[in-house]
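Chemist: For reference, the file protein.txt (compact mmCIF, C-alpha atoms) is included below:
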```txt
# COMPACT_ATOMS: atom_id res chain seq x y z
CA MET A 175 -17.37 -32.56 13.84
CA THR A 176 -18.80 -29.97 16.22
CA LEU A 177 -20.20 -26.88 14.55
CA PRO A 178 -19.33 -23.50 16.09
CA SER A 179 -21.99 -21.95 18.27
CA THR A 180 -23.79 -18.75 17.40
CA HIS A 181 -21.71 -17.02 20.09
CA ASP A 182 -18.44 -18.27 18.58
CA VAL A 183 -19.45 -17.11 15.11
CA ALA A 184 -20.41 -13.66 16.42
CA LEU A 185 -17.18 -13.42 18.43
CA ALA A 186 -15.04 -14.29 15.41
CA ALA A 187 -16.92 -11.76 13.29
CA GLU A 188 -16.36 -8.99 15.85
CA ARG A 189 -12.66 -9.72 16.09
CA ARG A 190 -12.31 -9.87 12.31
CA THR A 191 -14.09 -6.51 11.94
CA ALA A 192 -11.80 -4.91 14.52
CA ALA A 193 -8.67 -6.42 12.96
CA ARG A 194 -9.63 -5.24 9.47
CA LEU A 195 -10.32 -1.74 10.77
CA LEU A 196 -6.91 -1.51 12.47
CA LEU A 197 -5.12 -2.84 9.43
CA ALA A 198 -6.73 -0.22 7.19
CA HIS A 199 -6.54 2.61 9.76
CA PRO A 200 -3.62 2.03 12.16
CA LEU A 201 -4.40 5.16 14.21
CA ILE A 202 -7.97 5.41 15.46
CA ALA A 203 -9.25 8.05 17.88
CA SER A 204 -12.22 7.32 20.12
CA ASP A 205 -13.99 10.44 18.86
CA GLY A 206 -12.84 10.21 15.26
CA SER A 207 -14.46 8.97 12.08
CA HIS A 208 -14.52 5.36 13.33
CA ALA A 209 -15.80 6.13 16.82
CA ASP A 210 -18.70 3.67 16.43
CA LEU A 211 -16.26 0.74 16.17
CA PHE A 212 -13.76 1.91 18.77
CA PRO A 213 -15.54 0.01 21.60
CA LEU A 214 -15.10 -3.17 19.54
CA ILE A 215 -11.33 -2.67 19.52
CA ARG A 216 -11.22 -2.04 23.27
CA ARG A 217 -13.39 -5.10 23.93
CA HIS A 218 -11.01 -7.39 22.06
CA ALA A 219 -7.77 -5.50 22.72
CA ASP A 220 -5.93 -8.39 24.38
CA TRP A 221 -6.81 -10.91 21.69
CA LEU A 222 -6.03 -8.46 18.88
CA GLY A 223 -2.70 -7.51 20.43
CA LYS A 224 -1.59 -11.12 20.69
CA ARG A 225 -2.72 -12.04 17.18
CA PHE A 226 -1.11 -9.03 15.49
CA GLN A 227 2.13 -9.76 17.35
CA GLN A 228 2.08 -13.48 16.52
CA VAL A 229 1.09 -13.17 12.87
CA LEU A 230 2.68 -9.92 11.69
CA GLY A 231 5.02 -8.81 14.46
CA TYR A 232 2.97 -5.61 14.88
CA ARG A 233 2.52 -4.00 18.30
CA LEU A 234 -0.94 -2.79 19.29
CA LEU A 235 -1.48 -0.06 21.86
CA VAL A 236 -5.06 0.56 22.99
CA ASP A 237 -5.74 3.52 25.29
CA SER A 238 -9.01 4.96 26.53
CA SER A 239 -8.99 7.57 23.77
CA TYR A 240 -7.14 5.93 20.88
CA ALA A 241 -5.84 2.70 19.36
CA ARG A 242 -2.51 2.55 17.52
CA LEU A 243 -1.28 -0.40 15.49
CA PHE A 244 2.45 0.05 15.04
CA LYS A 245 3.11 -1.39 11.61
CA ALA A 246 6.62 -2.15 10.41
CA GLY A 247 7.95 -1.17 7.01
CA LEU A 248 8.83 -3.36 4.04
CA GLY A 249 11.88 -1.45 2.85
CA ALA A 250 12.54 1.35 0.39
CA GLY A 251 9.82 1.90 -2.21
CA SER A 252 7.20 -0.21 -0.44
CA GLY A 253 5.42 2.32 1.75
CA HIS A 254 1.85 3.56 1.54
CA ARG A 255 2.34 7.17 0.58
CA LEU A 256 0.40 10.10 1.93
CA GLU A 257 -1.47 12.37 -0.47
CA ARG A 258 -2.91 15.88 -0.48
CA SER A 259 -6.63 16.42 -0.85
CA THR A 260 -6.05 16.83 -4.60
CA GLY A 261 -4.55 13.34 -4.85
CA THR A 262 -1.04 14.72 -5.34
CA PRO A 263 1.47 12.61 -3.39
CA PHE A 264 3.46 14.15 -0.58
CA THR A 265 6.90 15.29 -1.67
CA PRO A 266 9.99 14.75 0.50
CA HIS A 267 9.59 18.41 1.50
CA THR A 268 6.03 17.77 2.71
CA TYR A 269 7.18 14.79 4.77
CA ALA A 270 9.89 17.00 6.26
CA CYS A 271 7.22 19.53 7.30
CA LEU A 272 5.18 16.73 8.85
CA ALA A 273 8.16 15.45 10.84
CA LEU A 274 9.06 18.96 12.00
CA ALA A 275 5.49 19.61 13.10
CA LEU A 276 5.44 16.40 15.15
CA SER A 277 8.74 17.28 16.78
CA VAL A 278 7.15 20.52 18.00
CA LEU A 279 3.75 19.09 18.99
CA VAL A 280 4.98 16.41 21.40
CA THR A 281 5.97 19.13 23.88
CA ALA A 282 3.55 21.90 22.82
CA PRO A 283 0.88 23.37 25.13
CA GLU A 284 -2.64 22.01 24.93
CA GLN A 285 -3.78 24.98 22.84
CA MET A 286 -1.93 27.52 20.75
CA LEU A 287 -2.47 29.95 17.91
CA LEU A 288 -1.71 28.75 14.41
CA THR A 289 0.84 31.53 13.86
CA HIS A 290 2.71 30.48 17.02
CA LEU A 291 2.73 26.85 15.87
CA VAL A 292 4.11 27.85 12.48
CA ALA A 293 6.79 29.98 14.15
CA ASP A 294 7.86 27.00 16.28
CA ILE A 295 7.97 24.77 13.20
CA ARG A 296 10.14 27.28 11.36
CA ALA A 297 12.47 27.46 14.35
CA ALA A 298 12.74 23.65 14.39
CA ALA A 299 13.46 23.73 10.65
CA ALA A 300 16.22 26.26 11.16
CA ASP A 301 17.77 24.07 13.86
CA ALA A 302 17.65 21.12 11.46
CA GLY A 303 19.02 23.14 8.54
CA ILE A 304 15.84 22.73 6.47
CA GLU A 305 14.46 25.51 4.24
CA LEU A 306 10.64 25.40 4.38
CA GLU A 307 10.03 27.78 1.49
CA GLU A 308 12.53 26.51 -1.04
CA THR A 309 9.98 26.74 -3.90
CA GLY A 310 8.70 30.20 -3.04
CA ARG A 311 6.62 31.71 -0.29
CA ALA A 312 3.19 30.64 -1.54
CA ALA A 313 4.30 27.10 -2.41
CA GLY A 314 6.04 26.77 0.94
CA LYS A 315 2.85 27.71 2.77
CA ARG A 316 0.79 25.22 0.79
CA THR A 317 3.28 22.50 1.62
CA LEU A 318 3.10 23.27 5.32
CA VAL A 319 -0.71 23.40 5.18
CA ALA A 320 -0.78 19.93 3.58
CA ALA A 321 1.25 18.55 6.50
CA LEU A 322 -0.96 20.26 9.09
CA ARG A 323 -4.15 19.05 7.40
CA GLN A 324 -2.83 15.50 7.63
CA LEU A 325 -2.38 15.98 11.37
CA VAL A 326 -5.97 17.27 11.56
CA ASP A 327 -7.17 14.14 9.74
CA TRP A 328 -5.32 11.95 12.27
CA GLY A 329 -6.82 13.86 15.19
CA VAL A 330 -3.45 15.17 16.40
CA LEU A 331 -4.62 18.72 15.72
CA ILE A 332 -8.15 19.95 16.39
CA GLU A 333 -9.29 23.16 14.71
CA THR A 334 -11.02 24.75 17.72
CA GLU A 335 -11.54 28.12 16.04
CA GLY A 336 -10.68 28.71 12.41
CA HIS A 337 -8.83 26.37 10.06
CA VAL A 338 -5.21 25.62 9.22
CA VAL A 339 -5.83 26.40 5.54
CA THR A 340 -6.01 30.10 6.42
CA LEU A 341 -2.22 29.95 6.54
CA ALA A 342 -2.12 29.74 2.73
CA GLN A 343 -4.36 32.76 2.16
CA GLU A 344 -2.72 35.86 0.76
CA SER A 345 -3.96 38.03 3.58
CA GLY A 346 -2.87 35.48 6.14
CA GLY A 347 -5.14 34.16 8.84
CA GLU A 348 -5.35 32.99 12.42
CA ALA A 349 -6.78 29.94 14.09
CA LEU A 350 -6.89 28.43 17.55
CA ILE A 351 -5.50 24.89 17.56
CA THR A 352 -6.00 22.22 20.23
CA ILE A 353 -3.23 19.60 20.37
CA ASP A 354 -3.49 15.94 21.37
CA ARG A 355 0.05 15.35 22.56
CA GLU A 356 -0.57 11.65 23.22
CA LEU A 357 -1.55 11.06 19.60
CA ALA A 358 1.42 13.11 18.42
CA ARG A 359 3.76 10.82 20.37
CA VAL A 360 2.42 7.61 18.81
CA VAL A 361 2.32 8.68 15.16
CA VAL A 362 5.88 7.62 14.35
CA ALA A 363 6.23 3.83 14.37
CA GLY A 364 9.90 3.44 13.40
CA PRO A 365 12.86 3.12 15.81
CA LEU A 366 13.89 6.79 15.76
CA SER A 367 16.34 6.54 18.67
CA GLN A 368 18.32 3.78 16.92
CA ALA A 369 18.45 5.16 13.37
CA ARG A 370 21.50 7.07 12.12
CA ASP A 371 19.58 8.80 9.30
CA GLY A 372 16.43 8.49 7.21
CA ALA A 373 17.72 5.62 5.06
CA ASP A 374 18.80 3.71 8.15
CA LEU A 375 15.36 4.25 9.68
CA VAL A 376 13.71 2.66 6.62
CA ARG A 377 16.08 -0.33 6.78
CA ARG A 378 15.54 -0.87 10.49
CA ALA A 379 11.77 -0.56 10.18
CA ALA A 380 11.81 -3.33 7.55
CA ASP A 381 13.69 -5.77 9.79
CA PRO A 382 11.19 -8.49 10.81
CA GLY A 383 13.26 -9.33 13.90
CA PHE A 384 12.92 -12.76 15.45
CA GLY A 385 10.07 -13.63 13.08
CA GLY A 386 12.50 -13.63 10.16
CA PRO A 387 11.20 -14.89 6.80
CA ARG A 388 7.85 -15.95 8.27
CA THR A 389 6.98 -12.47 9.50
CA TYR A 390 8.32 -10.65 6.44
CA VAL A 391 6.34 -12.80 3.98
CA ARG A 392 3.14 -12.35 5.96
CA ARG A 393 3.64 -8.58 5.99
CA MET A 394 4.27 -8.57 2.25
CA LEU A 395 1.09 -10.54 1.63
CA VAL A 396 -1.05 -8.23 3.75
CA GLU A 397 0.49 -4.88 2.82
CA THR A 398 1.04 -5.24 -0.95
CA PRO A 399 -1.35 -6.06 -3.82
CA VAL A 400 0.67 -9.08 -4.96
CA VAL A 401 3.91 -10.84 -4.02
CA HIS A 402 6.00 -12.14 -6.93
CA LEU A 403 8.40 -14.94 -6.06
CA ASP A 404 11.54 -13.08 -7.10
CA GLU A 405 10.66 -10.41 -4.51
CA LEU A 406 11.49 -13.00 -1.83
CA THR A 407 14.75 -14.58 -0.68
CA ASP A 408 15.35 -18.32 -0.89
CA ALA A 409 14.37 -18.74 2.76
CA GLU A 410 11.19 -16.69 2.28
CA ARG A 411 10.16 -18.62 -0.86
CA ASP A 412 10.78 -21.91 0.94
CA TRP A 413 8.65 -20.84 3.90
CA LEU A 414 5.81 -19.66 1.66
CA ARG A 415 5.82 -22.81 -0.51
CA THR A 416 5.52 -25.17 2.46
CA ARG A 417 2.89 -23.19 4.37
CA GLN A 418 0.79 -21.28 1.87
CA ARG A 419 -2.31 -23.45 2.30
CA ARG A 420 -2.27 -23.07 6.08
CA GLU A 421 -1.61 -19.36 5.73
CA ALA A 422 -4.60 -19.04 3.41
CA GLN A 423 -6.84 -20.46 6.13
CA ALA A 424 -5.30 -18.25 8.82
CA PHE A 425 -5.73 -15.03 6.82
CA SER A 426 -9.29 -15.99 5.98
CA GLU A 427 -10.16 -16.41 9.66
CA LEU A 428 -8.29 -13.33 10.92
CA LEU A 429 -9.02 -10.83 8.15
CA GLY A 430 -11.54 -12.38 5.79
CA LEU A 431 -9.01 -12.45 2.94
CA GLU A 432 -8.77 -15.07 0.20
CA MET A 433 -5.41 -16.29 -1.08
CA GLU A 434 -4.83 -16.60 -4.81
CA ILE A 435 -1.83 -18.83 -5.56
CA ARG A 436 -0.15 -18.78 -8.97
CA ALA A 437 3.14 -20.08 -10.33
CA GLU A 438 4.57 -16.53 -10.32
CA GLY A 439 3.47 -15.53 -6.84
CA VAL A 440 0.67 -15.06 -4.34
CA ALA A 441 -1.94 -12.39 -3.64
CA LEU A 442 -4.45 -11.88 -0.86
CA ILE A 443 -7.83 -10.81 -2.24
CA ASP A 444 -10.36 -8.83 -0.22
CA PRO A 445 -13.87 -9.70 -1.48
CA GLU A 446 -15.27 -6.63 0.26
CA GLU A 447 -12.65 -4.27 -1.26
CA GLU A 448 -12.14 -2.37 1.99
CA LEU A 449 -8.49 -3.00 2.81
CA THR A 450 -6.84 -1.21 -0.07
CA ASP A 451 -5.94 2.39 -0.80
CA LEU A 452 -5.63 1.55 -4.50
CA HIS A 453 -8.42 0.55 -6.84
CA LEU A 454 -8.14 -0.92 -10.31
CA PRO A 455 -10.47 -0.83 -12.16
CA GLY A 456 -11.16 2.66 -10.92
CA THR A 457 -12.60 6.00 -11.91
CA GLY A 458 -10.80 8.92 -13.48
CA THR A 459 -8.42 9.39 -16.38
CA VAL A 460 -5.36 7.73 -14.82
CA ALA A 461 -7.15 4.60 -13.61
CA GLN A 462 -8.95 4.10 -16.91
CA ALA A 463 -5.81 4.63 -18.97
CA ALA A 464 -3.81 2.33 -16.67
CA LEU A 465 -6.28 -0.53 -17.04
CA LEU A 466 -6.37 -0.19 -20.82
CA LEU A 467 -2.58 0.07 -21.03
CA ALA A 468 -2.09 -3.06 -18.93
CA GLU A 469 -4.55 -4.98 -21.08
CA ARG A 470 -2.89 -4.03 -24.37
CA LEU A 471 0.63 -4.61 -23.09
CA VAL A 472 -0.38 -8.11 -22.00
CA GLU A 473 -1.82 -8.76 -25.46
CA ARG A 474 1.39 -7.67 -27.17
CA LEU A 475 4.03 -8.93 -24.74
CA ARG A 476 2.52 -12.12 -23.33
CA PRO A 477 5.18 -14.89 -23.38
CA GLN A 478 4.35 -17.87 -25.56
CA ALA A 479 4.71 -20.75 -23.10
CA PRO A 480 5.28 -19.73 -19.49
CA GLY A 481 5.32 -22.53 -16.95
CA HIS A 482 6.79 -23.68 -13.67
CA PRO A 483 10.22 -25.25 -13.17
CA ALA A 484 8.67 -28.07 -11.14
CA THR A 485 6.85 -29.26 -14.25
CA GLY A 486 9.70 -28.60 -16.65
CA GLY A 487 8.45 -25.18 -17.71
CA THR A 488 10.11 -21.77 -17.73
CA LEU A 489 9.03 -19.37 -15.02
CA VAL A 490 8.23 -15.92 -16.40
CA ILE A 491 7.52 -13.25 -13.79
CA GLY A 492 8.08 -10.24 -16.02
CA VAL A 493 8.83 -9.17 -19.57
CA ALA A 494 10.45 -5.97 -20.83
CA ALA A 495 8.06 -3.16 -21.74
CA PRO A 496 9.93 -0.82 -24.12
CA ASP A 497 9.41 2.89 -23.47
CA GLY A 498 8.51 3.40 -27.11
CA LEU A 499 5.76 0.81 -26.92
CA VAL A 500 4.26 2.36 -23.78
CA ASP A 501 4.11 5.77 -25.46
CA GLU A 502 2.70 4.24 -28.65
CA VAL A 503 -0.11 2.46 -26.81
CA LEU A 504 -0.96 5.51 -24.69
CA ALA A 505 -1.18 7.63 -27.83
CA GLU A 506 -3.58 5.05 -29.30
CA LEU A 507 -5.70 5.12 -26.14
CA ILE A 508 -5.89 8.91 -26.16
CA ALA A 509 -7.08 8.84 -29.77
CA GLU A 510 -9.67 6.12 -29.09
CA TYR A 511 -10.96 7.04 -25.65
CA GLY A 512 -9.68 10.47 -24.68
CA GLN A 513 -12.47 12.65 -26.04
CA ARG A 514 -15.43 10.28 -25.77
CA SER A 515 -14.51 9.24 -22.22
CA ASN A 516 -13.96 12.84 -21.17
CA TRP A 517 -10.39 12.30 -20.01
CA ARG A 518 -8.73 15.22 -18.28
CA ARG A 519 -7.62 17.80 -20.84
CA GLY A 520 -4.23 18.29 -19.20
CA TYR A 521 -3.37 14.64 -19.78
CA LEU A 522 -4.73 14.64 -23.34
CA GLU A 523 -2.35 17.46 -24.20
CA ASP A 524 0.63 16.17 -22.21
CA LEU A 525 1.50 12.54 -22.98
CA PRO A 526 4.61 12.47 -20.72
CA SER A 527 2.51 13.50 -17.71
CA LEU A 528 -0.10 10.85 -18.43
CA ARG A 529 2.64 8.27 -18.90
CA GLU A 530 4.21 9.15 -15.55
CA ALA A 531 0.90 8.99 -13.67
CA VAL A 532 -0.20 5.72 -15.30
CA LEU A 533 3.11 3.94 -14.72
CA ASP A 534 3.13 5.16 -11.12
CA LEU A 535 -0.29 3.60 -10.50
CA LEU A 536 0.65 0.33 -12.22
CA ALA A 537 3.87 0.16 -10.21
CA ARG A 538 2.02 0.65 -6.91
CA MET A 539 -0.42 -2.06 -7.99
CA ARG A 540 2.60 -4.35 -8.66
CA LEU A 541 1.54 -4.79 -12.29
CA MET A 542 4.66 -3.08 -13.62
CA ALA A 543 8.03 -2.29 -12.08
CA ARG A 544 11.29 -0.64 -12.92
CA ALA A 545 14.04 -3.10 -13.76
CA GLY A 546 16.73 -3.44 -11.11
CA ARG A 547 18.16 -5.67 -8.42
CA LEU A 548 15.63 -7.62 -6.40
CA ARG A 549 15.33 -9.07 -2.92
CA ALA A 550 16.04 -12.53 -4.35
CA GLU A 551 19.45 -11.13 -5.31
CA GLY A 552 20.07 -9.77 -1.82
CA GLU A 553 18.85 -6.21 -2.41
CA GLY A 554 17.69 -4.27 0.65
CA LEU A 555 18.17 -7.01 3.26
CA PRO A 556 18.79 -6.04 6.90
CA GLU A 557 22.17 -6.88 8.38
CA GLY A 558 22.42 -10.49 9.50
CA TYR A 559 19.13 -11.48 7.87
CA VAL A 560 18.60 -15.14 6.95
CA GLU A 561 18.33 -15.33 3.17
CA GLU A 562 19.33 -18.92 2.38
CA ALA A 563 16.92 -21.83 2.71
CA SER A 564 17.87 -24.63 5.08
CA GLU A 565 20.48 -27.02 3.75
CA GLY A 566 18.99 -29.68 1.53
CA ARG A 567 15.84 -27.69 0.77
CA THR A 568 14.93 -27.11 -2.87
CA VAL A 569 13.36 -23.76 -3.73
CA THR A 570 11.89 -22.39 -6.93
CA ASP A 571 14.60 -20.95 -9.16
CA VAL A 572 13.68 -17.37 -10.03
CA HIS A 573 16.93 -16.47 -11.78
CA GLY A 574 16.15 -14.72 -15.06
CA ALA A 575 12.38 -14.80 -14.43
CA ARG A 576 12.24 -11.09 -15.25
CA PRO A 577 14.63 -8.98 -17.35
CA GLY A 578 17.38 -6.94 -15.75
CA GLY A 579 19.01 -3.78 -17.03
CA GLU A 580 16.99 -0.58 -17.19
CA GLY A 581 13.50 0.45 -18.17
CA TRP A 582 10.10 -0.95 -17.26
CA VAL A 583 8.95 -4.52 -16.76
CA LEU A 584 5.39 -5.81 -17.25
CA LEU A 585 4.72 -8.24 -14.40
CA ALA A 586 2.76 -11.48 -14.45
CA ALA A 587 -0.02 -10.10 -12.24
CA ALA A 588 -1.02 -7.73 -15.06
CA ALA A 589 -2.54 -10.69 -16.93
CA ARG A 590 -5.25 -10.75 -14.29
CA TYR A 591 -6.60 -7.49 -15.72
CA ALA A 592 -6.46 -8.56 -19.36
CA THR A 593 -9.23 -10.32 -21.26
CA GLN A 594 -9.35 -12.91 -23.94
CA VAL A 595 -12.20 -13.85 -26.24
CA THR A 596 -13.16 -17.53 -26.34
CA VAL A 597 -15.77 -19.20 -28.53
CA ARG A 598 -18.16 -21.77 -27.10
CA PRO A 599 -20.08 -24.29 -29.18
CA ALA A 600 -23.67 -23.35 -29.91
CA THR A 601 -26.17 -24.30 -27.20
CA ALA A 602 -29.73 -25.45 -27.47
CA ALA A 603 -30.82 -21.88 -26.88
CA GLY A 604 -28.89 -20.65 -29.90
CA LYS A 605 -27.93 -23.47 -32.28
CA ASP A 606 -27.38 -21.22 -35.26
CA LYS A 607 -24.58 -19.11 -33.79
CA ASP A 608 -21.50 -19.25 -31.62
CA VAL A 609 -21.30 -17.40 -28.35
CA GLN A 610 -18.35 -15.19 -27.42
CA GLU A 611 -17.28 -14.52 -23.84
CA GLU A 612 -14.71 -12.22 -22.28
CA LEU A 613 -12.89 -14.01 -19.49
CA PRO A 614 -10.29 -12.62 -17.06
CA LEU A 615 -6.99 -14.48 -17.10
```
Please, can you express the file's structure as structure tokens?
Modeler:
Amino acid sequence: MTLPSTHDVALAAERRTAARLLLAHPLIASDGSHADLFPLIRRHADWLGKRFQQVLGYRLLVDSSYARLFKAGLGAGSGHRLERSTGTPFTPHTYACLALALSVLVTAPEQMLLTHLVADIRAAAADAGIELEETGRAAGKRTLVAALRQLVDWGVLIETEGHVVTLAQESGGEALITIDRELARVVVAGPLSQARDGADLVRRAADPGFGGPRTYVRRMLVETPVVHLDELTDAERDWLRTRQRREAQAFSELLGLEMEIRAEGVALIDPEEELTDLHLPGTGTVAQAALLLAERLVERLRPQAPGHPATGGTLVIGVAAPDGLVDEVLAELIAEYGQRSNWRRGYLEDLPSLREAVLDLLARMRLMARAGRLRAEGEGLPEGYVEEASEGRTVTDVHGARPGGEGWVLLAAAARYATQVTVRPATAAGKDKDVQEELPL
């Protein structure tokens, strides 16, 4: 066996670094926050473009001043949401402001005053029948500022003199804005010209095209924290089962990710923790409460004898998490940890708000989910999509692997964040006592 040369190792490392950067930041400007690595993307542009197209069906555009990886969607409820500087997620109204701003910027002059830009956005809103200040004048301004600040972060807008936040000041304010029209044109990745409405745009963006099940499963693995088997069609589960070992090697070489394969599903793990916008364990009240809630729910709701149908067991992907139990456990956590861990006072005094924030984080981490129809049942599939495995192929039966109806479901991946105490026999170093360990499941 011939070992790779030093040059080959360095080349693979460069390409992997560039690929990871594009996956985490699909729009990169040559003079932006990742300017030091932009030459790396240009150097390997051809190779990266071919690999992203072959593996994920993503198109890569590399220009002299920017690189844009056009990712495809995964369907309703699976996007990576945008957030304000406070961590508050964008509302539909904020996304509307962002879309309206882009519609104006693609044909705007190179520079313009902030007040003129806002006037053009309001005119576009009027043409579209959208009310920008539906929650009041001040709130409407803050919403518009959040959208404009996002465009500044992307490099579409450059604050040449002044800042866009002056718009939200009571006395008003002015700023001179420079516009990168090229970046504005490549922000939207979905097929706008083909979509009938917003819902149709989401459906079309999630269509993997000629790649079919292969491309969709790969996108799910890369873009979500964990893929449970009942989130895949028969054809997708069949493809994953027969190729998961080869895929593990491919993702390791391309992106430096490690595949964790369980009976309930598969997850790609990033040892360097760079390719995620979600962190658990994490800092802050919500992250701490979410981790503790997941741990205690696993302790109380863990099924007795889960297994795999191939070995005669019963596959359990999720169990019902009663609303009353969630509130009960959160109340216990507030009493035990709230004061001594300095949790945010607003959450300590408002259990429903804490509950909403914690469940939202756990849902985005794919540790909990709302009950409802799943992809394995045909939910959310594009028209004409192949959902059945080839004739004669046997796939894992996921029917009844998680409860239906309404409410919340605790998913199998949550057990990864729970602990159990085991007792080891005494060792020579401590013969007179047992040793206890906490081990992740």
Chemist: At what distance in Å, to one decimal, does atom CA of Pro263 of chain A lie from atom CA of Ala587 of chain A?
Modeler: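 The value is 24.4 Å.
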Chemist: List the neighbours of segment 431-434 of chain A out to 9 Å using only C-alpha atoms; skip same-chain residues closer than 6 positions along the sequence, and give me the result as a ChimeraX atom specification.
Modeler: /A:418-419,421-423,425,440-446
Chemist: Select, from A:Ile202, A:Arg417, A:Glu405, A:Ala320, the residue with the minimum atom-to-atom distance to Leu272 of chain A, counting all atoms listed in the file.
Modeler: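 Among the listed residues, A:Ala320 lies closest to Leu272 of chain A.
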Chemist: Report, in Å with one decimal, the straight-line distance from atom CA of Arg217 of chain A to atom CA of Glu397 of chain A.
Modeler: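 Here the two named atoms are 25.3 Å from each other.
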Chemist: Between A:Glu565, A:Glu427, A:Leu279, A:Val338, which is the closest to Leu185 of chain A once you count all atoms listed in the file?
Modeler: A:Glu427
Chemist: Mind working out the centre and edge lengths of an axis-aligned box for segment 197-215 of chain A, all listed atoms inside, 8 Å added to each side, rounded to one decimal in Å and written as AutoDock Vina command-line options?
Modeler:
```
--center_x -11.2 --center_y 3.6 --center_z 14.4 --size_x 31.1 --size_y 29.6 --size_z 30.4
```
Chemist: Between segment 523-568 of chain A and segment 465-470 of chain A, at 9 Å or less, what are the per-residue closest atom pairs and their distances in Å? Count all atoms listed in the file, order by chain and rising residue number, and return it as a Markdown table.
Modeler:
```
| residue | atom | partner | partner_atom | distance |
| --- | --- | --- | --- | --- |
| A:Val532 | CA | A:Leu467 | CA | 8.4 |
| A:Leu536 | CA | A:Ala468 | CA | 8.0 |
| A:Leu541 | CA | A:Ala468 | CA | 7.8 |
| A:Met542 | CA | A:Ala468 | CA | 8.6 |
```
